[in-house]
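Visitor: What follows is a single structure, and I will ask about it in a moment.
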Amino acid sequence: MVSADFGISLLSTHGTGKQGMVHHNRLIENQAPAGNAIVVKGLIKSFKRLKVLDGIDFVVKQGTVLALLGPNGAGKTTTVHILGTLLLPDGGKALINGLDVVKEANRVRSLIGLTGQYAALDEYLTGTENLHMIGRLYRLSHRDIKRRTRELLELFDLVEASNRAVKTYSGGMRRRLDLAVSLIASPPIIFLDEPTTGLDPRSRLIMWNIIKQLVSSGTTILLTTQDMDEADNLADRIVVINGGKIIAEGTADELKQRIGSERLEITVSEASNFDEAKKVVDEDGLHVDSKRRTLSVVTKGGVHQLKQVLSNLDEAGINVESVSFRSPTLDDVFLTLTGHTTEQSKGETKAQQEG
Amino acid sequence: MEKPSSFTTDKQTEKHSKFFWTLSDSWTLTKRSVKHITRNLDQLFSVALFPMMFFLLFRYVFGGAIDTGNISYVNYLVAGIFVQMLAFGANYTTMNLAVDLQRGIVNRFRSLPIARSALIVGHVAADLVRNIVSGLIVIGVSFLVGFQPVAGPTDWVLVFGLAILFSLAISWISAIMGLLVKSIEAAQWTGFIVIFPLTFVSGAFVPTETMPDALRFFAENQPLTHVIEAIRGWLVGTPIGNSGWLAFAWCTGIIIVAMPVATWLFRRKTLQ
Ligand SMILES: Nc1ncnc2c1ncn2[C@@H]1O[C@H](COP(=O)(O)OP(=O)(O)OP(=O)(O)O)[C@@H](O)[C@H]1O
Ligand SMILES: [Mg+2]
């Protein structure tokens with residue numbers, strides 16, 4: 001079982017300033033601007049003629065979480081791969097603890113753990129064997145490997161499955177093992193590419209808890225997500241990217257100030273005129289989804305606003321099917337920031353590329 | 001010093017020389033690939049079964065029509081079957097490397113601070129282990145169908161020494177193919193289109209004398225023929241000529257060239 005308190009001591013203790021972490025202290029000294037674990041400047045990457053990253057800049061302070069939020073094809077994985085020394089950038093710079101990811105790739109590799117979008121596990125080996133193998137490739141001692149494997153299997157609720165081949169694991173178990181493998185050497189910096197995509201709500205919560213534990217023990221995390229709620233929950237700062245460009249950046253609160261923290265959503269019944277309804281609900285930051293026949297607005301007046309909107313609709317003879325309050329989604333972020341949905345913006349970037 | 005909680009000593013990786021770690025990485029990944037053999041018995045079976053089929057086919061179906069002079073056809077055939085089996089077995093590196101490159105796991109290996117050649121070494125070494133097992137099976141079965149070697153202890157040592165070197169040479173070439181192919185399907189057939197002609201246009205199954213001139217010239221001078229002639233000579237006492245040292249020279253030469261090429265290709269391929 002995964003208990004509520006994972007025991008922070010199980011995770012790494014980076015950034016606590018303890019003596020004895022020779023390796024780590026040396027790295028802190030190496031950092032040019034103190035406190036920045038990740039520095040990205042003007043990152044550019046193209047595949048053939050397709051420009052995938054078009055000048056990305058951001059920094060991640062040591063011990064904090066940055067979420068890269070963006071729709072499919074935004075360039076999230078590409079960014080993570082460049083930072084993880086898997087891809088060479090065409091231009092710009094990326095530093096991990098002050099070390100250049102291109103010129104000092106091997107030193108960077110011993111500082112990072114990378115959990116990719118798709119599980120990077122050996123299907124024929126068992127969970128334990130996967131952990132042992134990667135631990136040894138990280139050049140830990142056999143004793144540390146054994147101890148760490150035991151701890152991680154427990155932390156990730158994989159003890160029972162530990163002697164089974166990974167090919168018999170469920171998607172959620174794979175994801176957890178994949179993250180566990182990235183943590184075997186307790187790297188001070190971790191990249192998580194869509195860590196909760198495809199997980200059920202319970203596994204998702206487990207993952208969130210583990211991520212929070214990691215951060216509280218001093219690890220720096222860069223995660224990508226398509227889920228505003230996840231970014232809000234986990235990240236100290238959020239960078240919204242689309243088509244290889246940053247379109248917004250800030251704390252969750254700052255972003256919410258721009259997009260509204262909660263939305264009132266109204267579903268118009270089939271029988272009523274949807275266009276008419278749009279005209280009636282002419283409030284701040286109206287987002288329209290004609291497929292689902294929903295209208296959503298930023299909440300402000302609470303019950304008063306709700307009453308007002310509903311009575312306006314009633315007067316116009318429009319039937320309301322349901323009313324709900326919900327937190328903003330990635331689509332809301334996009335509609336507010338760019339004026340179109342993620343789907344539309346994808347179509348547009350395609351058109352631009354083809355043109 | 002006071003013992004701090006759980007993980008403070010973690011990042012203290014073991015201190016060893018670079019050479020030590022290159023060996024250690026290779027060993028770790030060899031263990032992985034060897035475990036694959038036992039978890040995925042299909043490969044081991046097909047490596048051992050395929051030549052067995054050929055063996056029985058040639059021994060009992062075509063064998064009667066093939067004139068091998070003053071030794072029996074079984075005695076002639078064993079070296080050819082043995083070398084063909086080694087070649088196909090050593091070719092699994094192409095497949096297994098291509099599979100690794102297609103799957104996410106290669107990204108894991110690449111994000112680790114390990115020796116770049118280690119993954120290839122792992123596959124090559126596993127092929128060797130698999131070949132040793134299937135080689136013993138093939139030799140064992142050949143005794144059952146009438147194989148009567150005249151080899152002494154030195155001859156057997158030479159046979160196994162060359163077999164190992166040959167397996168390594170083919171595996172390193174296979175590694176290059178595995179790095180060049182674009183898909184797993186392509187990896188499956190490249191081995192066949194390279195190894196089939198090489199084993200058939202050789203003295204593996206029939207004496208080369210009856211082949212047309214151009215083919216015969218190729219058959220008599222390509223490396224597989226030297227390996228087969230040498231092994232046959234040591235096993236059943238047929239004349240070896242220059243094939244003995246030529247076989248060793250070819251295999252060594254191939255390894256010396258293919259190893260750095262494969263490592264370089266791996267580096268290049270995995271960093272775009
Ligand atoms: N190896 C490649 N060759 C060609 N194009 C590529 C390659 N890798 C990525 N791309 C393209 O680059 C763009 C950005 O891809 P990337 O994987 O970074 O997006 P992403 O934000 O991670 O999307 P997703 O949410 O779908 O994972 C996409 O248009 C993709 O097709
Ligand atoms: Mg992605």
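By order in the structure tokens, chains are A, B, ...; within a chain, residues start at 1; ligands start at 1, following the order shown.
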Please identify every polymer residue within 8 Å of ligand 2, using only C-alpha atoms and all ligand atoms, and present the set as a list in words.
Guide: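 The residues near ligand 2 are Asn72, Gly73, Gly75, Lys76, Thr77, Thr78, Gln117, Asp193, Glu194 and Thr224 of chain A.
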Visitor: Using DSSP assignments from the backbone, pull out every residue in stretch 89-268 of chain B that falls under helix (DSSP H, G or I) and give it to me as a ChimeraX atom specification.
Guide: /B:89-90,92-102,105-110,118-144,153-180,184-200,208-210,213-221,223-236,243-268
Visitor: Kindly provide the residues of chain A that approach chain B to within 6 Å, each paired with its closest atom pair and their distance in Å to one decimal, based on only C-alpha atoms, listed by chain and increasing number, as a Markdown table.
Guide:
| residue | atom | partner | partner_atom | distance |
| --- | --- | --- | --- | --- |
| A:Ser9 | CA | B:Ser6 | CA | 5.9 |
| A:Ser12 | CA | B:Phe7 | CA | 5.5 |
| A:Leu87 | CA | B:Leu271 | CA | 5.6 |
| A:Leu88 | CA | B:Gln272 | CA | 5.8 |
| A:Asn106 | CA | B:Pro113 | CA | 5.3 |
| A:Arg109 | CA | B:Pro113 | CA | 5.2 |
| A:Ser110 | CA | B:Pro113 | CA | 5.7 |
| A:Ala120 | CA | B:Ile105 | CA | 4.1 |
| A:Leu121 | CA | B:Ile105 | CA | 5.5 |
| A:Leu137 | CA | B:Asp25 | CA | 6.0 |
| A:Arg139 | CA | B:Thr13 | CA | 5.5 |
| A:Leu140 | CA | B:Thr13 | CA | 4.7 |
| A:Ser141 | CA | B:Glu14 | CA | 5.9 |
Visitor: Filtering to N, CA, C and O atoms, could you give me those residues as a JSON list (two decimals), in the first residue's frame?
Guide:
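out37.json written:
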[["chain", "number", "residue", "atom", "x", "y", "z"],
["A", 9, "SER", "N", 12.18, 11.10, 3.97],
["A", 9, "SER", "CA", 13.57, 10.64, 3.96],
["A", 9, "SER", "C", 13.81, 9.60, 2.88],
["A", 9, "SER", "O", 14.93, 9.37, 2.47],
["A", 12, "SER", "N", 15.19, 11.84, -2.12],
["A", 12, "SER", "CA", 16.52, 12.42, -1.99],
["A", 12, "SER", "C", 16.50, 13.64, -1.09],
["A", 12, "SER", "O", 15.46, 14.16, -0.73],
["A", 87, "LEU", "N", 18.72, 15.21, -27.75],
["A", 87, "LEU", "CA", 18.62, 15.91, -29.03],
["A", 87, "LEU", "C", 19.56, 17.10, -28.99],
["A", 87, "LEU", "O", 19.75, 17.70, -27.94],
["A", 88, "LEU", "N", 20.14, 17.42, -30.14],
["A", 88, "LEU", "CA", 20.96, 18.63, -30.21],
["A", 88, "LEU", "C", 20.11, 19.80, -30.67],
["A", 88, "LEU", "O", 19.36, 19.67, -31.64],
["A", 106, "ASN", "N", 27.90, 14.52, -20.86],
["A", 106, "ASN", "CA", 28.08, 13.40, -19.93],
["A", 106, "ASN", "C", 27.99, 13.81, -18.47],
["A", 106, "ASN", "O", 27.47, 13.08, -17.64],
["A", 109, "ARG", "N", 24.39, 14.29, -17.70],
["A", 109, "ARG", "CA", 23.66, 13.02, -17.56],
["A", 109, "ARG", "C", 23.70, 12.47, -16.14],
["A", 109, "ARG", "O", 22.78, 11.79, -15.72],
["A", 110, "SER", "N", 24.78, 12.75, -15.43],
["A", 110, "SER", "CA", 24.83, 12.19, -14.08],
["A", 110, "SER", "C", 24.04, 13.04, -13.09],
["A", 110, "SER", "O", 23.93, 12.70, -11.92],
["A", 120, "ALA", "N", 10.21, 3.86, -20.73],
["A", 120, "ALA", "CA", 11.49, 3.39, -21.25],
["A", 120, "ALA", "C", 11.97, 2.25, -20.36],
["A", 120, "ALA", "O", 12.90, 2.40, -19.57],
["A", 121, "LEU", "N", 11.30, 1.12, -20.49],
["A", 121, "LEU", "CA", 11.63, -0.01, -19.62],
["A", 121, "LEU", "C", 11.98, -1.21, -20.47],
["A", 121, "LEU", "O", 11.62, -1.29, -21.64],
["A", 137, "LEU", "N", 24.13, 1.19, -14.14],
["A", 137, "LEU", "CA", 24.58, 2.07, -15.22],
["A", 137, "LEU", "C", 24.76, 3.51, -14.73],
["A", 137, "LEU", "O", 25.52, 4.28, -15.31],
["A", 139, "ARG", "N", 26.14, 3.87, -12.03],
["A", 139, "ARG", "CA", 27.40, 3.63, -11.34],
["A", 139, "ARG", "C", 27.29, 3.75, -9.82],
["A", 139, "ARG", "O", 28.19, 4.21, -9.14],
["A", 140, "LEU", "N", 26.14, 3.33, -9.32],
["A", 140, "LEU", "CA", 25.99, 3.25, -7.86],
["A", 140, "LEU", "C", 26.65, 1.96, -7.38],
["A", 140, "LEU", "O", 26.85, 1.03, -8.17],
["A", 141, "SER", "N", 26.93, 1.90, -6.10],
["A", 141, "SER", "CA", 27.49, 0.66, -5.56],
["A", 141, "SER", "C", 26.38, -0.37, -5.41],
["A", 141, "SER", "O", 25.20, -0.02, -5.28]]
Visitor: Return as a PyMOL selection string every polymer residue, whether protein, DNA or RNA, with at least one atom no more than 10 Å from an atom of ligand 1; count only C-alpha atoms and all ligand atoms.
Guide: (chain A and resi 45-53+68-82+87+116-118+193-194+197+224-226+241-244+346+349-350) or (chain B and resi 272)
Visitor: For B:Arg232, which of B:Gln148, B:Thr93, B:Thr30, B:Ser167 is the closest residue, counting only C-alpha atoms?
Guide: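 Result for the nearest residue to B:Arg232: B:Gln148.
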Visitor: Kindly indicate which residue among A:Val215, A:Ala67, A:Val166, A:Leu255 lies nearest to A:Leu192, using only C-alpha atoms for the distances.
Guide: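 Among the listed residues, the smallest separation from A:Leu192 belongs to A:Ala67.
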Visitor: Write out as JSON, numbers by chain which residues come within 12 Å of stretch 151-157 of chain B when counting only C-alpha atoms, dropping same-chain ones fewer than 5 positions away.
Guide: {"B": [75, 139, 162, 163, 164, 230, 231, 232, 233, 234, 235, 236, 237, 238, 244]}
Visitor: Next, write the just-selected residues to a file, as an mmCIF file, in the first residue's frame, keeping all heavy atoms as the atom set.
Guide:
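Resulting contents of part.cif:
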data_model
loop_
_atom_site.group_PDB
_atom_site.id
_atom_site.type_symbol
_atom_site.label_atom_id
_atom_site.label_comp_id
_atom_site.auth_asym_id
_atom_site.auth_seq_id
_atom_site.Cartn_x
_atom_site.Cartn_y
_atom_site.Cartn_z
ATOM 1 N N ASN B 75 29.963 -35.954 -43.222
ATOM 2 C CA ASN B 75 31.207 -35.374 -42.730
ATOM 3 C C ASN B 75 31.541 -34.067 -43.450
ATOM 4 O O ASN B 75 32.083 -33.143 -42.855
ATOM 5 C CB ASN B 75 32.355 -36.379 -42.883
ATOM 6 C CG ASN B 75 32.317 -37.433 -41.792
ATOM 7 O OD1 ASN B 75 31.665 -37.233 -40.758
ATOM 8 N ND2 ASN B 75 32.985 -38.555 -42.018
ATOM 9 N N ILE B 139 26.337 -29.659 -33.082
ATOM 10 C CA ILE B 139 27.387 -30.691 -33.120
ATOM 11 C C ILE B 139 26.855 -31.990 -32.512
ATOM 12 O O ILE B 139 27.055 -33.080 -33.050
ATOM 13 C CB ILE B 139 28.640 -30.226 -32.329
ATOM 14 C CG1 ILE B 139 29.196 -28.932 -32.927
ATOM 15 C CG2 ILE B 139 29.687 -31.339 -32.266
ATOM 16 C CD1 ILE B 139 30.260 -29.074 -33.969
ATOM 17 N N LEU B 162 37.958 -20.279 -33.693
ATOM 18 C CA LEU B 162 37.522 -19.604 -34.921
ATOM 19 C C LEU B 162 36.015 -19.335 -34.883
ATOM 20 O O LEU B 162 35.563 -18.276 -35.321
ATOM 21 C CB LEU B 162 37.887 -20.451 -36.151
ATOM 22 C CG LEU B 162 37.514 -19.831 -37.503
ATOM 23 C CD1 LEU B 162 38.164 -18.459 -37.681
ATOM 24 C CD2 LEU B 162 37.919 -20.748 -38.660
ATOM 25 N N ALA B 163 35.266 -20.294 -34.332
ATOM 26 C CA ALA B 163 33.809 -20.116 -34.250
ATOM 27 C C ALA B 163 33.475 -18.860 -33.444
ATOM 28 O O ALA B 163 32.612 -18.067 -33.833
ATOM 29 C CB ALA B 163 33.154 -21.337 -33.618
ATOM 30 N N ILE B 164 34.183 -18.670 -32.340
ATOM 31 C CA ILE B 164 33.928 -17.494 -31.501
ATOM 32 C C ILE B 164 34.279 -16.211 -32.244
ATOM 33 O O ILE B 164 33.502 -15.254 -32.290
ATOM 34 C CB ILE B 164 34.712 -17.608 -30.175
ATOM 35 C CG1 ILE B 164 34.066 -18.687 -29.295
ATOM 36 C CG2 ILE B 164 34.749 -16.271 -29.443
ATOM 37 C CD1 ILE B 164 34.886 -19.077 -28.086
ATOM 38 N N ALA B 230 38.354 -24.189 -43.262
ATOM 39 C CA ALA B 230 39.247 -24.390 -42.125
ATOM 40 C C ALA B 230 38.600 -25.312 -41.099
ATOM 41 O O ALA B 230 39.202 -26.292 -40.640
ATOM 42 C CB ALA B 230 39.593 -23.040 -41.496
ATOM 43 N N ILE B 231 37.357 -25.031 -40.780
ATOM 44 C CA ILE B 231 36.678 -25.838 -39.759
ATOM 45 C C ILE B 231 36.496 -27.280 -40.252
ATOM 46 O O ILE B 231 36.716 -28.239 -39.516
ATOM 47 C CB ILE B 231 35.323 -25.193 -39.367
ATOM 48 C CG1 ILE B 231 35.609 -23.929 -38.538
ATOM 49 C CG2 ILE B 231 34.440 -26.167 -38.584
ATOM 50 C CD1 ILE B 231 34.404 -23.186 -38.048
ATOM 51 N N ARG B 232 36.148 -27.408 -41.533
ATOM 52 C CA ARG B 232 35.981 -28.755 -42.087
ATOM 53 C C ARG B 232 37.308 -29.514 -42.022
ATOM 54 O O ARG B 232 37.355 -30.684 -41.645
ATOM 55 C CB ARG B 232 35.472 -28.676 -43.518
ATOM 56 C CG ARG B 232 35.229 -30.047 -44.147
ATOM 57 C CD ARG B 232 34.727 -29.932 -45.573
ATOM 58 N NE ARG B 232 33.392 -29.350 -45.628
ATOM 59 C CZ ARG B 232 33.041 -28.387 -46.486
ATOM 60 N NH1 ARG B 232 33.920 -27.894 -47.334
ATOM 61 N NH2 ARG B 232 31.818 -27.930 -46.468
ATOM 62 N N GLY B 233 38.379 -28.821 -42.392
ATOM 63 C CA GLY B 233 39.695 -29.454 -42.358
ATOM 64 C C GLY B 233 40.045 -29.959 -40.966
ATOM 65 O O GLY B 233 40.490 -31.091 -40.784
ATOM 66 N N TRP B 234 39.832 -29.097 -39.974
ATOM 67 C CA TRP B 234 40.166 -29.510 -38.602
ATOM 68 C C TRP B 234 39.274 -30.648 -38.119
ATOM 69 O O TRP B 234 39.704 -31.528 -37.399
ATOM 70 C CB TRP B 234 40.049 -28.319 -37.638
ATOM 71 C CG TRP B 234 41.085 -27.254 -37.899
ATOM 72 C CD1 TRP B 234 42.392 -27.457 -38.245
ATOM 73 C CD2 TRP B 234 40.888 -25.835 -37.860
ATOM 74 N NE1 TRP B 234 43.027 -26.252 -38.422
ATOM 75 C CE2 TRP B 234 42.124 -25.234 -38.191
ATOM 76 C CE3 TRP B 234 39.798 -25.012 -37.579
ATOM 77 C CZ2 TRP B 234 42.310 -23.843 -38.244
ATOM 78 C CZ3 TRP B 234 39.979 -23.642 -37.618
ATOM 79 C CH2 TRP B 234 41.219 -23.069 -37.955
ATOM 80 N N LEU B 235 38.002 -30.621 -38.542
ATOM 81 C CA LEU B 235 37.062 -31.638 -38.054
ATOM 82 C C LEU B 235 37.263 -32.988 -38.724
ATOM 83 O O LEU B 235 37.343 -34.013 -38.058
ATOM 84 C CB LEU B 235 35.605 -31.185 -38.278
ATOM 85 C CG LEU B 235 35.049 -30.088 -37.383
ATOM 86 C CD1 LEU B 235 33.627 -29.735 -37.791
ATOM 87 C CD2 LEU B 235 35.075 -30.507 -35.913
ATOM 88 N N VAL B 236 37.330 -32.996 -40.069
ATOM 89 C CA VAL B 236 37.338 -34.295 -40.754
ATOM 90 C C VAL B 236 38.579 -34.522 -41.608
ATOM 91 O O VAL B 236 38.653 -35.484 -42.366
ATOM 92 C CB VAL B 236 36.067 -34.484 -41.621
ATOM 93 C CG1 VAL B 236 34.832 -34.495 -40.745
ATOM 94 C CG2 VAL B 236 35.968 -33.400 -42.694
ATOM 95 N N GLY B 237 39.564 -33.615 -41.532
ATOM 96 C CA GLY B 237 40.850 -33.861 -42.162
ATOM 97 C C GLY B 237 40.954 -33.567 -43.642
ATOM 98 O O GLY B 237 41.894 -34.007 -44.297
ATOM 99 N N THR B 238 40.016 -32.794 -44.208
ATOM 100 C CA THR B 238 40.153 -32.378 -45.611
ATOM 101 C C THR B 238 41.281 -31.346 -45.712
ATOM 102 O O THR B 238 41.616 -30.697 -44.725
ATOM 103 C CB THR B 238 38.839 -31.756 -46.134
ATOM 104 O OG1 THR B 238 38.403 -30.776 -45.182
ATOM 105 C CG2 THR B 238 37.766 -32.810 -46.307
ATOM 106 N N GLY B 244 43.031 -21.618 -43.194
ATOM 107 C CA GLY B 244 43.161 -21.470 -41.749
ATOM 108 C C GLY B 244 43.520 -20.057 -41.348
ATOM 109 O O GLY B 244 42.752 -19.357 -40.672
#
Visitor: Might you pull out every residue within 6 Å of stretch 196-213 of chain B, with only C-alpha atoms counted and same-chain residues fewer than 3 positions away left off, and present them as JSON, numbers by chain?
Guide: {"B": [77, 80, 192, 193, 216, 219, 225]}
Visitor: Go ahead and compute the interatomic distance for atom CA of A:Ser217 and atom CA of A:Asp57, in Å to one decimal.
Guide: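 For atom CA of A:Ser217 relative to atom CA of A:Asp57, the distance reads 26.4 Å.
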Visitor: Just the residues within 12 Å of B:Gly191, please, counting only C-alpha atoms, with nothing from its chain fewer than 3 positions along; format it as an mmCIF file with C-alpha atoms, in the first residue's frame.
Guide:
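Result file part.cif:
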data_model
loop_
_atom_site.group_PDB
_atom_site.id
_atom_site.type_symbol
_atom_site.label_atom_id
_atom_site.label_comp_id
_atom_site.auth_asym_id
_atom_site.auth_seq_id
_atom_site.Cartn_x
_atom_site.Cartn_y
_atom_site.Cartn_z
ATOM 1 C CA GLN B 84 25.620 -21.154 -41.286
ATOM 2 C CA ALA B 87 26.113 -16.623 -39.067
ATOM 3 C CA PHE B 88 22.353 -16.583 -38.542
ATOM 4 C CA GLY B 89 22.738 -16.639 -34.772
ATOM 5 C CA ALA B 90 25.208 -13.774 -34.813
ATOM 6 C CA ASN B 91 22.822 -11.816 -36.978
ATOM 7 C CA TYR B 92 20.320 -11.386 -34.142
ATOM 8 C CA THR B 93 22.229 -8.268 -33.145
ATOM 9 C CA THR B 94 20.609 -6.533 -36.129
ATOM 10 C CA MET B 95 17.116 -7.346 -34.910
ATOM 11 C CA ILE B 170 29.251 -11.300 -37.988
ATOM 12 C CA SER B 171 27.631 -9.705 -34.934
ATOM 13 C CA ILE B 173 28.589 -6.295 -39.018
ATOM 14 C CA SER B 174 25.027 -7.044 -37.932
ATOM 15 C CA ALA B 175 25.252 -4.165 -35.466
ATOM 16 C CA ILE B 176 26.038 -1.828 -38.352
ATOM 17 C CA MET B 177 23.019 -3.157 -40.257
ATOM 18 C CA GLY B 178 20.822 -2.785 -37.187
ATOM 19 C CA VAL B 181 17.807 -0.022 -41.050
ATOM 20 C CA ILE B 184 12.187 -3.696 -37.356
ATOM 21 C CA GLU B 185 10.736 -5.384 -40.447
ATOM 22 C CA ALA B 186 13.731 -4.269 -42.486
ATOM 23 C CA ALA B 187 16.003 -5.635 -39.778
ATOM 24 C CA GLN B 188 14.344 -9.010 -40.187
ATOM 25 C CA VAL B 194 23.177 -10.842 -46.805
ATOM 26 C CA ILE B 195 23.710 -14.192 -45.139
ATOM 27 C CA PHE B 196 21.753 -16.480 -47.478
ATOM 28 C CA PRO B 197 23.832 -15.724 -50.583
ATOM 29 C CA LEU B 198 27.041 -15.800 -48.578
ATOM 30 C CA THR B 199 26.324 -19.242 -47.142
#
Visitor: To one decimal place, how far is atom CA of A:Ile112 from atom CA of A:Leu152 in Å?
Guide: 17.2 Å
Visitor: Which neighbours of A:Leu177 fall inside 8 Å, counting only C-alpha atoms, when residues of the same chain fewer than 6 positions from it are skipped, and could you give them as a list in words?
Guide: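 Final neighbour list, sorted by chain and number: Gly127, Leu153, Phe156 and Leu158 of chain A.
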Visitor: Identify which of the residues B:His226, B:Ala262, B:Ala125, B:Val99 lies closest to B:Gly241, counting only C-alpha atoms when measuring atom-to-atom distances.
Guide: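 For B:Gly241, the nearest of the given residues is B:His226.
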Visitor: Determine the nearest neighbour of B:Tyr76 from the options B:Trp189, B:Phe248, B:Phe50, B:Phe147, counting only C-alpha atoms.
Guide: B:Phe147
